[in-house]
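Peer 1: For reference, this is target_34.cif, and it has mmCIF, C-alpha atoms.
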data_model
#
loop_
_atom_site.label_atom_id
_atom_site.label_comp_id
_atom_site.auth_asym_id
_atom_site.auth_seq_id
_atom_site.Cartn_x
_atom_site.Cartn_y
_atom_site.Cartn_z
CA MET A 1 15.22 -60.83 -120.75
CA VAL A 2 16.07 -57.80 -122.93
CA LYS A 3 12.58 -57.96 -124.42
CA LYS A 4 11.08 -57.90 -120.91
CA ILE A 5 13.20 -54.91 -119.91
CA ILE A 6 12.18 -53.03 -123.06
CA GLN A 7 8.51 -53.90 -122.38
CA LEU A 8 8.82 -52.67 -118.79
CA PHE A 9 10.53 -49.46 -119.93
CA LEU A 10 7.83 -48.76 -122.52
CA PHE A 11 5.12 -49.52 -119.98
CA CYS A 12 6.64 -47.06 -117.47
CA LEU A 13 7.07 -44.44 -120.18
CA LEU A 14 3.44 -44.79 -121.27
CA VAL A 15 2.20 -44.46 -117.69
CA LEU A 16 4.33 -41.36 -117.10
CA VAL A 17 3.21 -39.70 -120.34
CA ILE A 18 -0.45 -40.36 -119.46
CA ALA A 19 0.13 -38.97 -115.95
CA LEU A 20 1.70 -35.83 -117.45
CA TRP A 21 -1.19 -35.56 -119.93
CA GLN A 22 -3.59 -35.69 -116.97
CA ILE A 23 -1.63 -33.08 -114.98
CA SER A 24 -1.14 -30.61 -117.81
CA PHE A 25 -3.51 -31.16 -120.72
CA ILE A 26 -6.69 -32.20 -118.93
CA SER A 27 -6.20 -29.71 -116.09
CA ALA A 28 -6.26 -26.90 -118.69
CA TRP A 29 -9.90 -27.77 -119.35
CA SER A 30 -12.74 -26.97 -117.00
CA ASP A 31 -16.14 -28.27 -115.91
CA PHE A 32 -17.15 -31.52 -117.59
CA TRP A 33 -14.06 -31.93 -119.78
CA GLY A 34 -11.67 -31.24 -116.93
CA GLN A 35 -13.08 -34.06 -114.81
CA LEU A 36 -11.81 -36.86 -117.02
CA ASN A 37 -9.60 -39.07 -114.83
CA LEU A 38 -7.45 -40.78 -117.41
CA ILE A 39 -5.05 -42.24 -114.83
CA LEU A 40 -7.75 -44.04 -112.88
CA MET A 41 -9.25 -45.36 -116.09
CA LEU A 42 -5.86 -46.67 -117.17
CA LEU A 43 -5.20 -48.29 -113.79
CA ILE A 44 -8.53 -50.13 -113.72
CA PHE A 45 -7.97 -51.19 -117.30
CA ILE A 46 -4.53 -52.59 -116.41
CA LEU A 47 -5.88 -54.33 -113.29
CA PHE A 48 -8.83 -55.83 -115.14
CA PHE A 49 -6.91 -57.10 -118.16
CA PHE A 50 -3.31 -57.54 -116.98
CA GLY A 51 -3.48 -58.20 -113.23
CA GLN A 52 -2.45 -56.72 -109.92
CA ARG A 53 1.33 -56.30 -110.26
CA PRO A 54 1.38 -54.05 -113.34
CA ALA A 55 -1.58 -52.14 -111.88
CA PHE A 56 0.32 -51.47 -108.65
CA LEU A 57 3.42 -50.46 -110.58
CA ALA A 58 1.37 -48.07 -112.73
CA ALA A 59 -0.36 -46.67 -109.62
CA PHE A 60 3.02 -46.01 -108.02
CA LEU A 61 4.54 -44.36 -111.06
CA SER A 62 1.55 -42.19 -111.91
CA GLY A 63 1.02 -41.35 -108.22
CA PHE A 64 4.67 -40.34 -107.86
CA CYS A 65 4.39 -38.15 -110.96
CA LEU A 66 1.23 -36.47 -109.60
CA ASP A 67 2.85 -36.01 -106.17
CA VAL A 68 5.96 -34.41 -107.62
CA PHE A 69 3.92 -31.80 -109.51
CA SER A 70 1.33 -31.31 -106.77
CA PHE A 71 1.65 -28.92 -103.84
CA ASN A 72 -0.47 -31.14 -101.59
CA PHE A 73 1.32 -33.37 -99.08
CA PHE A 74 3.72 -35.84 -100.67
CA GLY A 75 2.23 -39.30 -100.97
CA LEU A 76 -1.37 -38.18 -101.36
CA TYR A 77 -1.69 -39.57 -104.87
CA PHE A 78 0.47 -42.68 -104.78
CA ILE A 79 -1.10 -43.77 -101.49
CA SER A 80 -4.64 -43.08 -102.77
CA LEU A 81 -4.08 -44.77 -106.12
CA SER A 82 -2.45 -47.82 -104.52
CA LEU A 83 -5.30 -48.11 -102.00
CA ILE A 84 -7.83 -47.88 -104.81
CA ILE A 85 -6.05 -50.61 -106.76
CA TRP A 86 -6.05 -52.78 -103.64
CA LEU A 87 -9.78 -52.11 -103.16
CA ALA A 88 -10.51 -52.78 -106.83
CA GLN A 89 -8.61 -56.07 -106.61
CA LYS A 90 -10.72 -57.10 -103.59
CA LEU A 91 -13.91 -56.22 -105.47
CA LEU A 92 -12.71 -58.06 -108.54
CA ILE A 93 -12.01 -61.25 -106.58
CA ASN A 94 -15.04 -61.23 -104.31
CA LEU A 95 -17.79 -59.53 -106.32
CA PHE A 96 -17.10 -59.17 -110.02
CA THR A 97 -16.00 -62.70 -110.74
CA ASN A 98 -16.52 -62.73 -114.49
CA ARG A 99 -14.65 -60.57 -116.97
CA SER A 100 -17.70 -58.97 -118.61
CA LEU A 101 -18.42 -55.41 -119.70
CA TYR A 102 -20.83 -55.00 -116.80
CA SER A 103 -18.18 -56.02 -114.27
CA PHE A 104 -15.75 -53.56 -115.84
CA LEU A 105 -18.37 -50.78 -115.80
CA LEU A 106 -19.30 -51.33 -112.17
CA LEU A 107 -15.67 -51.63 -111.13
CA SER A 108 -14.79 -48.37 -112.90
CA LEU A 109 -17.74 -46.60 -111.30
CA ALA A 110 -17.01 -47.95 -107.81
CA THR A 111 -13.34 -46.96 -107.98
CA THR A 112 -14.14 -43.50 -109.35
CA VAL A 113 -16.49 -42.77 -106.43
CA SER A 114 -14.08 -44.30 -103.87
CA TYR A 115 -11.08 -42.40 -105.26
CA SER A 116 -12.91 -39.07 -105.21
CA LEU A 117 -14.11 -39.63 -101.63
CA LEU A 118 -10.67 -40.80 -100.48
CA ILE A 119 -8.76 -37.89 -102.03
CA ASN A 120 -11.19 -35.34 -100.64
CA PHE A 121 -11.19 -36.92 -97.18
CA LEU A 122 -7.38 -36.91 -97.10
CA LEU A 123 -7.26 -33.29 -98.29
CA TYR A 124 -9.89 -32.30 -95.76
CA PHE A 125 -8.07 -33.87 -92.82
CA SER A 126 -4.66 -32.61 -93.94
CA ALA A 127 -5.78 -29.01 -94.58
CA ALA A 128 -3.86 -26.50 -92.48
CA GLU A 129 -6.78 -24.07 -92.45
CA ARG A 130 -10.34 -24.79 -91.43
CA ILE A 131 -12.35 -25.58 -94.56
CA SER A 132 -15.94 -26.69 -94.96
CA LEU A 133 -16.57 -30.40 -95.43
CA PHE A 134 -16.53 -31.22 -99.12
CA LEU A 135 -19.65 -33.39 -98.78
CA ILE A 136 -21.81 -30.30 -98.28
CA ARG A 137 -20.37 -28.49 -101.32
CA SER A 138 -22.39 -28.69 -104.52
CA ASN A 139 -19.18 -28.53 -106.60
CA PHE A 140 -18.03 -31.85 -105.17
CA TRP A 141 -21.22 -33.68 -106.17
CA ARG A 142 -21.27 -32.06 -109.60
CA ASP A 143 -17.65 -33.05 -110.25
CA LEU A 144 -18.32 -36.57 -108.97
CA ALA A 145 -21.24 -36.88 -111.37
CA TYR A 146 -19.03 -35.71 -114.27
CA GLN A 147 -16.27 -38.13 -113.25
CA SER A 148 -18.77 -40.99 -113.07
CA ILE A 149 -20.07 -40.21 -116.55
CA TRP A 150 -16.50 -40.14 -117.89
CA SER A 151 -15.62 -43.39 -116.17
CA VAL A 152 -18.67 -45.17 -117.64
CA LEU A 153 -17.96 -43.78 -121.13
CA GLY A 154 -14.28 -44.67 -120.84
CA ALA A 155 -15.04 -48.18 -119.61
CA ILE A 156 -17.42 -48.85 -122.50
CA LEU A 157 -14.89 -47.55 -125.02
CA LEU A 158 -11.88 -49.40 -123.60
CA PHE A 159 -13.74 -52.67 -123.17
CA ASN A 160 -15.06 -52.60 -126.73
CA ILE A 161 -11.63 -51.77 -128.14
CA VAL A 162 -10.17 -54.75 -126.30
CA ALA A 163 -13.09 -56.97 -127.35
CA VAL A 164 -12.57 -56.01 -131.00
CA VAL A 165 -8.79 -56.37 -130.88
CA THR A 166 -8.50 -59.61 -128.91
CA LYS A 167 -11.93 -61.24 -129.49
CA LYS A 168 -11.48 -62.47 -125.92
CA PHE A 169 -13.95 -60.54 -123.82
CA LYS A 170 -17.68 -60.43 -124.45
CA PRO A 171 -20.63 -59.56 -122.26
CA PHE A 172 -21.59 -63.23 -122.56
CA PHE A 173 -23.61 -63.73 -119.42
CA LEU A 174 -26.56 -61.69 -120.66
CA GLU A 175 -26.74 -63.26 -124.10
CA LYS A 176 -29.75 -65.51 -124.58
CA LYS A 177 -29.28 -68.60 -126.64
CA PRO A 178 -32.22 -69.44 -128.91
CA VAL A 179 -34.30 -72.38 -127.68
CA LEU A 180 -34.25 -75.18 -130.20
CA MET B 1 -0.82 -67.59 -106.23
CA LYS B 2 -2.13 -66.10 -103.00
CA ILE B 3 1.40 -65.93 -101.56
CA LYS B 4 2.62 -64.20 -104.75
CA ARG B 5 -0.19 -61.66 -104.53
CA LYS B 6 0.53 -61.01 -100.84
CA SER B 7 4.25 -60.63 -101.49
CA SER B 8 3.61 -58.02 -104.21
CA VAL B 9 1.42 -56.02 -101.77
CA ILE B 10 4.21 -56.20 -99.17
CA ILE B 11 6.81 -55.05 -101.73
CA PHE B 12 4.69 -52.06 -102.68
CA LEU B 13 4.05 -51.23 -99.01
CA VAL B 14 7.78 -51.29 -98.28
CA VAL B 15 8.62 -49.20 -101.36
CA GLY B 16 5.84 -46.74 -100.50
CA GLY B 17 7.00 -46.40 -96.90
CA LEU B 18 10.57 -45.92 -98.09
CA LEU B 19 9.51 -43.21 -100.56
CA LEU B 20 7.63 -41.33 -97.81
CA PHE B 21 10.59 -41.63 -95.45
CA LEU B 22 13.13 -40.49 -98.05
CA HIS B 23 10.91 -37.56 -99.02
CA GLY B 24 10.45 -36.64 -95.35
CA VAL B 25 14.19 -36.49 -94.66
CA GLY B 26 14.85 -34.70 -97.95
CA ILE B 27 16.99 -37.35 -99.65
CA LEU B 28 14.47 -37.67 -102.46
CA ARG B 29 14.61 -33.94 -103.27
CA PRO B 30 17.34 -34.07 -105.95
CA LEU B 31 15.46 -36.90 -107.69
CA GLU B 32 12.18 -34.97 -107.52
CA ASN B 33 13.88 -31.84 -108.88
CA PHE B 34 15.48 -33.85 -111.67
CA PHE B 35 12.13 -35.41 -112.53
CA ARG B 36 10.45 -31.98 -112.59
CA PHE B 37 13.28 -30.53 -114.67
CA VAL B 38 13.13 -33.35 -117.24
CA THR B 39 9.34 -33.44 -117.56
CA LYS B 40 8.69 -29.66 -117.44
CA PRO B 41 9.06 -29.06 -121.20
CA LEU B 42 6.61 -31.85 -121.98
CA ALA B 43 4.16 -30.66 -119.31
CA GLN B 44 4.46 -27.13 -120.69
CA ARG B 45 3.69 -28.37 -124.21
CA PHE B 46 0.72 -30.42 -122.99
CA TYR B 47 -0.67 -27.45 -121.06
CA SER B 48 -0.30 -25.23 -124.10
CA TRP B 49 -2.19 -27.77 -126.25
CA GLY B 50 -4.88 -28.08 -123.59
CA SER B 51 -5.29 -24.33 -123.32
CA ASP B 52 -5.39 -23.88 -127.12
CA SER B 53 -7.96 -26.63 -127.62
CA ARG B 54 -10.07 -25.21 -124.83
CA GLN B 55 -9.99 -21.77 -126.44
CA ILE B 56 -10.99 -23.24 -129.82
CA TYR B 57 -13.87 -25.05 -128.12
CA GLU B 58 -15.00 -21.90 -126.31
CA VAL B 59 -14.83 -19.84 -129.50
CA SER B 60 -16.98 -22.39 -131.34
CA GLN B 61 -19.48 -22.25 -128.46
CA ASN B 62 -19.69 -18.44 -128.45
CA ASN B 63 -19.89 -17.70 -132.17
CA ASP B 64 -23.20 -15.83 -131.82
CA ASP B 65 -21.75 -13.26 -129.45
CA TRP B 66 -18.93 -12.22 -131.77
CA SER B 67 -20.67 -9.52 -133.79
CA GLN B 68 -21.95 -7.86 -130.62
CA LYS B 69 -18.54 -8.14 -128.97
CA TYR B 70 -16.87 -6.71 -132.08
CA THR B 71 -19.05 -3.59 -132.01
CA THR B 72 -18.42 -3.09 -128.29
CA LEU B 73 -14.68 -3.59 -128.71
CA GLN B 74 -14.52 -1.12 -131.61
CA THR B 75 -16.09 1.55 -129.42
CA GLU B 76 -13.77 0.61 -126.56
CA LEU B 77 -10.75 0.72 -128.91
CA ALA B 78 -11.63 4.22 -130.09
CA ARG B 79 -12.02 5.41 -126.51
CA LEU B 80 -8.73 3.80 -125.45
CA THR B 81 -6.87 5.22 -128.45
CA VAL B 82 -7.90 8.73 -127.40
CA ALA B 83 -7.02 7.99 -123.77
CA ASN B 84 -3.68 6.48 -124.80
CA SER B 85 -2.68 9.53 -126.82
CA GLN B 86 -3.50 11.74 -123.83
CA TYR B 87 -1.48 9.50 -121.51
CA GLN B 88 1.40 9.51 -123.97
CA GLU B 89 1.45 13.29 -123.80
CA ILE B 90 1.42 13.18 -120.01
CA ALA B 91 4.17 10.51 -119.97
CA ASP B 92 6.39 12.63 -122.23
CA GLU B 93 5.78 15.67 -120.07
CA ASN B 94 6.51 13.59 -116.95
CA LYS B 95 9.77 12.37 -118.48
CA LYS B 96 10.88 15.91 -119.27
CA LEU B 97 9.97 17.15 -115.81
CA ARG B 98 11.75 14.20 -114.17
CA ALA B 99 14.83 14.90 -116.26
CA ALA B 100 14.65 18.56 -115.29
CA LEU B 101 14.38 17.65 -111.61
CA GLN B 102 16.95 14.82 -111.98
CA PHE B 103 14.57 12.19 -110.53
CA THR B 104 15.53 8.53 -110.82
CA GLU B 105 13.27 5.93 -112.44
CA THR B 106 10.75 4.49 -109.99
CA SER B 107 9.82 1.23 -111.65
CA ASN B 108 13.04 -0.71 -111.13
CA PHE B 109 11.70 -4.19 -110.56
CA ARG B 110 12.80 -7.38 -112.30
CA VAL B 111 10.36 -9.64 -114.14
CA VAL B 112 10.72 -13.41 -114.50
CA ALA B 113 8.65 -14.99 -117.30
CA ALA B 114 7.07 -18.33 -116.42
CA ASN B 115 5.04 -20.89 -118.32
CA ILE B 116 2.01 -22.55 -116.75
CA ILE B 117 2.52 -26.30 -116.65
CA ALA B 118 -0.57 -27.38 -114.69
CA GLN B 119 -3.67 -26.25 -112.87
CA GLU B 120 -4.51 -27.48 -109.41
CA GLU B 121 -7.77 -27.43 -107.50
CA GLY B 122 -7.17 -25.55 -104.29
CA GLY B 123 -9.37 -25.65 -101.20
CA GLU B 124 -12.78 -24.06 -101.34
CA ASP B 125 -13.61 -22.46 -104.69
CA SER B 126 -10.00 -21.89 -105.52
CA HIS B 127 -8.01 -22.65 -108.58
CA ASP B 128 -4.25 -22.44 -108.68
CA PHE B 129 -1.64 -22.47 -111.42
CA VAL B 130 1.66 -24.33 -111.27
CA VAL B 131 4.47 -22.58 -113.21
CA ASN B 132 7.88 -23.77 -114.37
CA ARG B 133 9.93 -21.35 -112.22
CA GLY B 134 10.90 -21.74 -108.59
CA THR B 135 13.22 -20.47 -105.87
CA ARG B 136 16.23 -21.07 -108.14
CA ASP B 137 14.89 -18.30 -110.39
CA GLY B 138 14.42 -15.91 -107.48
CA ILE B 139 10.72 -16.56 -106.94
CA ARG B 140 9.46 -16.20 -103.37
CA VAL B 141 6.13 -16.56 -101.62
CA GLY B 142 4.06 -13.38 -101.73
CA LEU B 143 5.36 -11.97 -105.04
CA GLY B 144 2.85 -10.59 -107.54
CA VAL B 145 2.17 -12.30 -110.86
CA VAL B 146 0.94 -10.51 -113.98
CA GLY B 147 -0.54 -11.83 -117.21
CA GLU B 148 0.58 -11.03 -120.74
CA GLU B 149 -1.44 -7.79 -120.71
CA GLY B 150 0.19 -6.57 -117.50
CA VAL B 151 -2.91 -7.14 -115.36
CA ILE B 152 -2.17 -8.76 -112.00
CA VAL B 153 -3.58 -12.29 -111.94
CA GLY B 154 -2.46 -13.52 -108.55
CA GLN B 155 0.43 -14.11 -106.22
CA VAL B 156 2.93 -16.82 -105.41
CA ILE B 157 1.75 -18.96 -102.49
CA GLU B 158 4.13 -21.94 -102.51
CA THR B 159 7.46 -22.72 -104.09
CA THR B 160 9.81 -25.61 -104.78
CA ASP B 161 13.28 -25.31 -106.28
CA VAL B 162 11.98 -25.46 -109.84
CA THR B 163 8.22 -24.80 -109.67
CA ALA B 164 5.85 -22.40 -107.96
CA LYS B 165 2.15 -22.38 -107.15
CA ILE B 166 0.15 -19.25 -107.91
CA CYS B 167 -3.27 -18.45 -106.51
CA LEU B 168 -5.58 -16.48 -108.78
CA THR B 169 -7.09 -13.21 -107.58
CA THR B 170 -10.51 -14.84 -108.02
CA SER B 171 -9.63 -17.74 -105.68
CA ALA B 172 -10.99 -17.60 -102.15
CA GLY B 173 -8.17 -16.73 -99.74
CA CYS B 174 -5.98 -15.01 -102.36
CA GLN B 175 -5.77 -11.56 -100.79
CA LEU B 176 -4.12 -8.43 -102.19
CA ALA B 177 -3.72 -4.95 -100.71
CA ALA B 178 -5.67 -2.77 -103.14
CA ALA B 179 -6.68 0.80 -103.87
CA ILE B 180 -9.54 2.16 -105.94
CA GLN B 181 -8.76 4.96 -108.41
CA ASN B 182 -11.56 7.22 -107.21
CA GLN B 183 -11.60 10.64 -105.58
CA ASP B 184 -10.98 9.22 -102.09
CA LYS B 185 -8.24 6.79 -103.24
CA THR B 186 -10.05 4.13 -101.21
CA GLN B 187 -7.81 1.43 -99.76
CA GLY B 188 -8.85 -2.11 -98.89
CA LEU B 189 -8.17 -5.79 -99.25
CA THR B 190 -9.33 -7.86 -102.21
CA ASP B 191 -10.24 -11.52 -101.91
CA GLY B 192 -11.41 -14.07 -104.44
CA ASP B 193 -15.10 -14.85 -104.62
CA LEU B 194 -16.24 -18.33 -105.68
CA GLY B 195 -13.38 -18.57 -108.16
CA LEU B 196 -15.25 -16.21 -110.50
CA THR B 197 -14.94 -12.63 -109.35
CA ILE B 198 -13.08 -10.55 -106.75
CA LYS B 199 -14.59 -8.73 -103.79
CA MET B 200 -13.14 -5.82 -101.88
CA ASN B 201 -14.22 -5.75 -98.25
CA TYR B 202 -14.00 -3.35 -95.32
CA ILE B 203 -14.56 -0.16 -97.27
CA PRO B 204 -15.93 2.61 -95.00
CA GLN B 205 -19.50 3.69 -95.83
CA LEU B 206 -18.48 7.29 -96.51
CA GLU B 207 -16.10 6.40 -99.36
CA LYS B 208 -17.63 7.03 -102.79
CA ILE B 209 -17.19 4.14 -105.21
CA ALA B 210 -18.88 3.80 -108.57
CA PRO B 211 -19.14 0.90 -111.01
CA GLY B 212 -16.35 1.23 -113.59
CA ASP B 213 -13.73 2.54 -111.13
CA ILE B 214 -10.37 0.85 -111.67
CA VAL B 215 -8.88 -1.13 -108.81
CA ILE B 216 -5.07 -1.32 -108.53
CA THR B 217 -2.57 -2.83 -106.11
CA SER B 218 -1.78 -0.41 -103.29
CA GLY B 219 1.80 -1.51 -102.79
CA LEU B 220 1.30 -2.07 -99.05
CA GLY B 221 3.33 -4.98 -97.76
CA GLY B 222 6.22 -4.30 -100.10
CA LYS B 223 6.24 -7.49 -102.12
CA ILE B 224 3.84 -6.31 -104.84
CA PRO B 225 4.47 -2.90 -106.44
CA ARG B 226 1.77 -0.23 -106.52
CA GLY B 227 -0.28 0.45 -109.62
CA LEU B 228 -0.88 -3.01 -111.11
CA VAL B 229 -4.45 -3.25 -112.38
CA ILE B 230 -6.58 -5.84 -110.56
CA GLY B 231 -9.90 -5.14 -112.30
CA LYS B 232 -12.79 -2.74 -112.37
CA VAL B 233 -15.67 -2.28 -109.97
CA ALA B 234 -18.76 -4.10 -111.25
CA SER B 235 -21.15 -3.33 -108.39
CA VAL B 236 -21.18 -1.93 -104.87
CA GLN B 237 -23.09 -3.29 -101.89
CA ASN B 238 -23.70 -0.59 -99.29
CA ALA B 239 -26.62 -1.35 -96.98
CA SER B 240 -27.28 1.65 -94.71
CA ASN B 241 -27.25 -0.50 -91.55
CA GLU B 242 -23.80 -1.91 -92.28
CA VAL B 243 -20.51 -0.39 -91.10
CA TRP B 244 -18.63 -1.41 -94.22
CA GLN B 245 -19.46 -1.57 -97.88
CA THR B 246 -18.31 -4.23 -100.32
CA ALA B 247 -17.32 -3.82 -103.95
CA LYS B 248 -17.53 -6.60 -106.47
CA ILE B 249 -14.61 -6.41 -108.90
CA GLU B 250 -14.54 -7.86 -112.36
CA PRO B 251 -11.16 -9.10 -113.66
CA LEU B 252 -10.18 -7.46 -116.97
CA ILE B 253 -8.92 -10.65 -118.60
CA ASN B 254 -10.06 -14.25 -118.89
CA PHE B 255 -7.75 -16.24 -116.62
CA ASN B 256 -8.53 -19.47 -118.46
CA ASN B 257 -6.65 -18.28 -121.55
CA LEU B 258 -3.37 -17.64 -119.74
CA THR B 259 -0.33 -19.69 -120.68
CA ILE B 260 2.56 -17.30 -119.91
CA LEU B 261 2.88 -15.30 -116.72
CA SER B 262 5.41 -12.84 -115.34
CA VAL B 263 6.48 -12.84 -111.71
CA ILE B 264 7.45 -9.40 -110.47
CA ILE B 265 10.50 -9.36 -108.25
CA PRO B 266 10.85 -6.00 -106.49
#
Could I get this file's structure written as structure tokens?

Peer 2:
Amino acid sequence: MVKKIIQLFLFCLLVLVIALWQISFISAWSDFWGQLNLILMLLIFILFFFGQRPAFLAAFLSGFCLDVFSFNFFGLYFISLSLIIWLAQKLLINLFTNRSLYSFLLLSLATTVSYSLLINFLLYFSAAERISLFLIRSNFWRDLAYQSIWSVLGAILLFNIVAVVTKKFKPFFLEKKPVL
Amino acid sequence: MKIKRKSSVIIFLVVGGLLLFLHGVGILRPLENFFRFVTKPLAQRFYSWGSDSRQIYEVSQNNDDWSQKYTTLQTELARLTVANSQYQEIADENKKLRAALQFTETSNFRVVAANIIAQEEGGEDSHDFVVNRGTRDGIRVGLGVVGEEGVIVGQVIETTDVTAKICLTTSAGCQLAAAIQNQDKTQGLTDGDLGLTIKMNYIPQLEKIAPGDIVITSGLGGKIPRGLVIGKVASVQNASNEVWQTAKIEPLINFNNLTILSVIIP
């Protein structure tokens, strides 16, 4: 019981530190480097390897942290992140049935695009002033491209680290066995 | 398994709804303030690391320009040293004259130092800073914010008890009442342009503006004192068939390198 509480505490602490790192450290960078979405990467990683409950908990905590520091409407981030986790879970059950690198890559990419669209849609509809639709802004597409690149790179890195550490996950379904 | 999964979704929906409700009625505010207060030092440290590493990266990218920049800056330094000595003379003279006339000091505003803890994408082409000072420190919406060099970098647009959001002068929608230090003392309104430069609109065609003219805050509105440097005129657009002319203003400092700001409280 005590071990579980300590594990939960450390998990929450890690999520909060990563959320703060995203808010402060990564936001200090610009262009390509500033588009790294560490929180989303972490959430998909948790969902893929540890399941829905810890992923939802992490989405809530990191979303709350982002909402507290953000000046956008409260709930924007924890609602978006929770919805993305729910969507990712649906995709994981119905489409990406095996736990391969390719599933992880596609899942990361799909959630990155969905999250970016969702956040921008919510910001667009909640804006007090009239602003142009983000879909016609070149900045949006450029940032989305950068985020997609980061998510693919991150997914490859994280998956390979886990594969090396646990020897559990391999991109087995593409491996050809020699014909005897 | 399916029931367990569904129940966890319901739990998170209930908790989420409760959080939104509690925030809406303001019960969550002390907890949010406590969370901000506790995490601010760490966020400040992270931002400082991020800013430093970014500067190191940018320096390594621009190594070739250094010798050219050095020569230009040496010339600029010599010119400014001469100008400074002249201004020093004028300041001393001004002080003596003020003492003789028994004038009181005019610049009696308070300054609150603030650390940047995050950057936030604003609406269209805007970039905002979040600082670790809020209404508890006397910060209000509309106050001017200067960088370490004393150049105005933006103004406060939103506040919480312990944090404040600052729009940069280069952000679209961040408007300041300004004046150009030319013969006509041209007045106007500056607005950010694409998050990169500043433009000054609605300048009558007859006003004479030249590239290099310094643009300062005009003090109109009362929340930002007069005389804070916004930037210098880079180019002027004055088509003969237009009623107004527009000046493009270049900020004097790189806003990306800022970590400490000062909010001016009049």

Peer 1: Can you give me, as a PyMOL selection string, the residues this file yields under the PyMOL selection byres ((chain A) within 9 of (chain B))?

Peer 2: chain A and resi 17+20-21+23-30+52-53+56-57+60+65+68-71+74-75+78-79+82+86+123-124+127+131-132+134+137+139

Peer 1: Here's the selection I'm unsure about, the PyMOL selection byres ((chain B and resi 182) around 8); applied to the file above, which residues does it give, as a list in words?

Peer 2: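 Applied to this file, the PyMOL selection byres ((chain B and resi 182) around 8) returns Ile180, Gln181, Gln183, Asp184, Lys185, Thr186, Lys208, Ile209, Asp213 and Ile214 of chain B.
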
Peer 1: Taking all atoms listed in the file into account, which of A:Leu157, A:Val162, A:Leu61, A:Leu105 comes nearest A:Phe9?

Peer 2: A:Leu61

Peer 1: Can you give me, as a PyMOL selection string, the residues this file yields under the PyMOL selection byres ((chain A and resi 159) around 12)?

Peer 2: chain A and resi 41-42+44-46+48-49+99-105+108+151-158+160-171

Peer 1: For B:Val233, list every protein, DNA or RNA residue within 10 Å, evaluated using all atoms listed in the file, and leave out those in the same chain fewer than 5 positions away; present the list as a list in words.

Peer 2: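 Listed by chain and then number, they are Ile180, Ile198, Lys199, Met200, Ile209, Ala210, Pro211, Gly212, Asp213, Ile214, Val215, Ala247, Lys248, Ile249, Glu250 and Pro251 of chain B.
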
Peer 1: Provide the atom CA of A:Leu118 to atom CA of A:Ala88 distance in Å, to one decimal place.

Peer 2: 13.6 Å

Peer 1: To one decimal place in Å, what is the distance between atom CA of B:Gln74 and atom CA of B:Glu148?

Peer 2: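 Going from atom CA of B:Gln74 over to atom CA of B:Glu148 covers 21.1 Å.
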
Peer 1: Which distance in Å separates atom CA of A:Ala58 and atom CA of B:Ile11, to one decimal?

Peer 2: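 Computed distance, atom CA of A:Ala58 to atom CA of B:Ile11, equals 14.1 Å.
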
Peer 1: At a cut-off of 10 Å, using all atoms listed in the file, what residues contact A:Leu91? Leave out same-chain residues fewer than 3 positions from it and give the result as JSON, numbers by chain.

Peer 2: {"A": [85, 86, 87, 88, 94, 95, 96, 97, 103, 106, 107, 110, 111]}

Peer 1: Which residue is closest to B:Lys223? Choose from B:Cys174, B:Val145, B:Leu101, B:Ile166 and count all atoms listed in the file.

Peer 2: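 Comparing B:Cys174, B:Val145, B:Leu101, B:Ile166 against B:Lys223, the winner is B:Val145.
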
Peer 1: From the options B:Gly150, B:Gly144, B:Pro30, B:Gly195, which residue's atoms come nearest to B:Gly219, counting all atoms listed in the file?

Peer 2: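 Of B:Gly150, B:Gly144, B:Pro30, B:Gly195, the one nearest B:Gly219 is B:Gly144, counting all atoms listed in the file.
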
Peer 1: Draw an axis-aligned box tight on the listed atoms of stretch 70-84 of chain B, then pad every side by 6 Å and write out centre and edge lengths in Å to one decimal as JSON.

Peer 2:
{"center_x": -11.4, "center_y": 1.0, "center_z": -127.9, "size_x": 27.4, "size_y": 27.4, "size_z": 20.3}

Peer 1: As a PyMOL selection string, please: the residues near A:Leu144 (cut-off 12 Å, all atoms listed in the file, same-chain neighbours under 4 positions excluded).

Peer 2: chain A and resi 31-32+34-37+109-117+119-120+134-135+137-140+148-151

Peer 1: Which residues are near B:Thr170? Cut-off 6 Å, all atoms listed in the file, ignore same chain within fewer than 2 positions. Put them as an MDAnalysis selection string.

Peer 2: chainID B and resid 168 192:193 195:198

Peer 1: Of the candidates B:Ala83, B:Leu18, B:Ala114, B:Ile253, which shows the shortest atom-to-atom distance to B:Val229, using only C-alpha atoms?

Peer 2: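 That would be B:Ile253, the residue with the smallest distance to B:Val229.
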
Peer 1: Between A:Trp33, A:Phe11, A:Phe64, A:Phe50, single out the one closest to B:Leu28, counting all atoms listed in the file.

Peer 2: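 Once distances to B:Leu28 are computed over all atoms listed in the file, the minimum belongs to A:Phe64.
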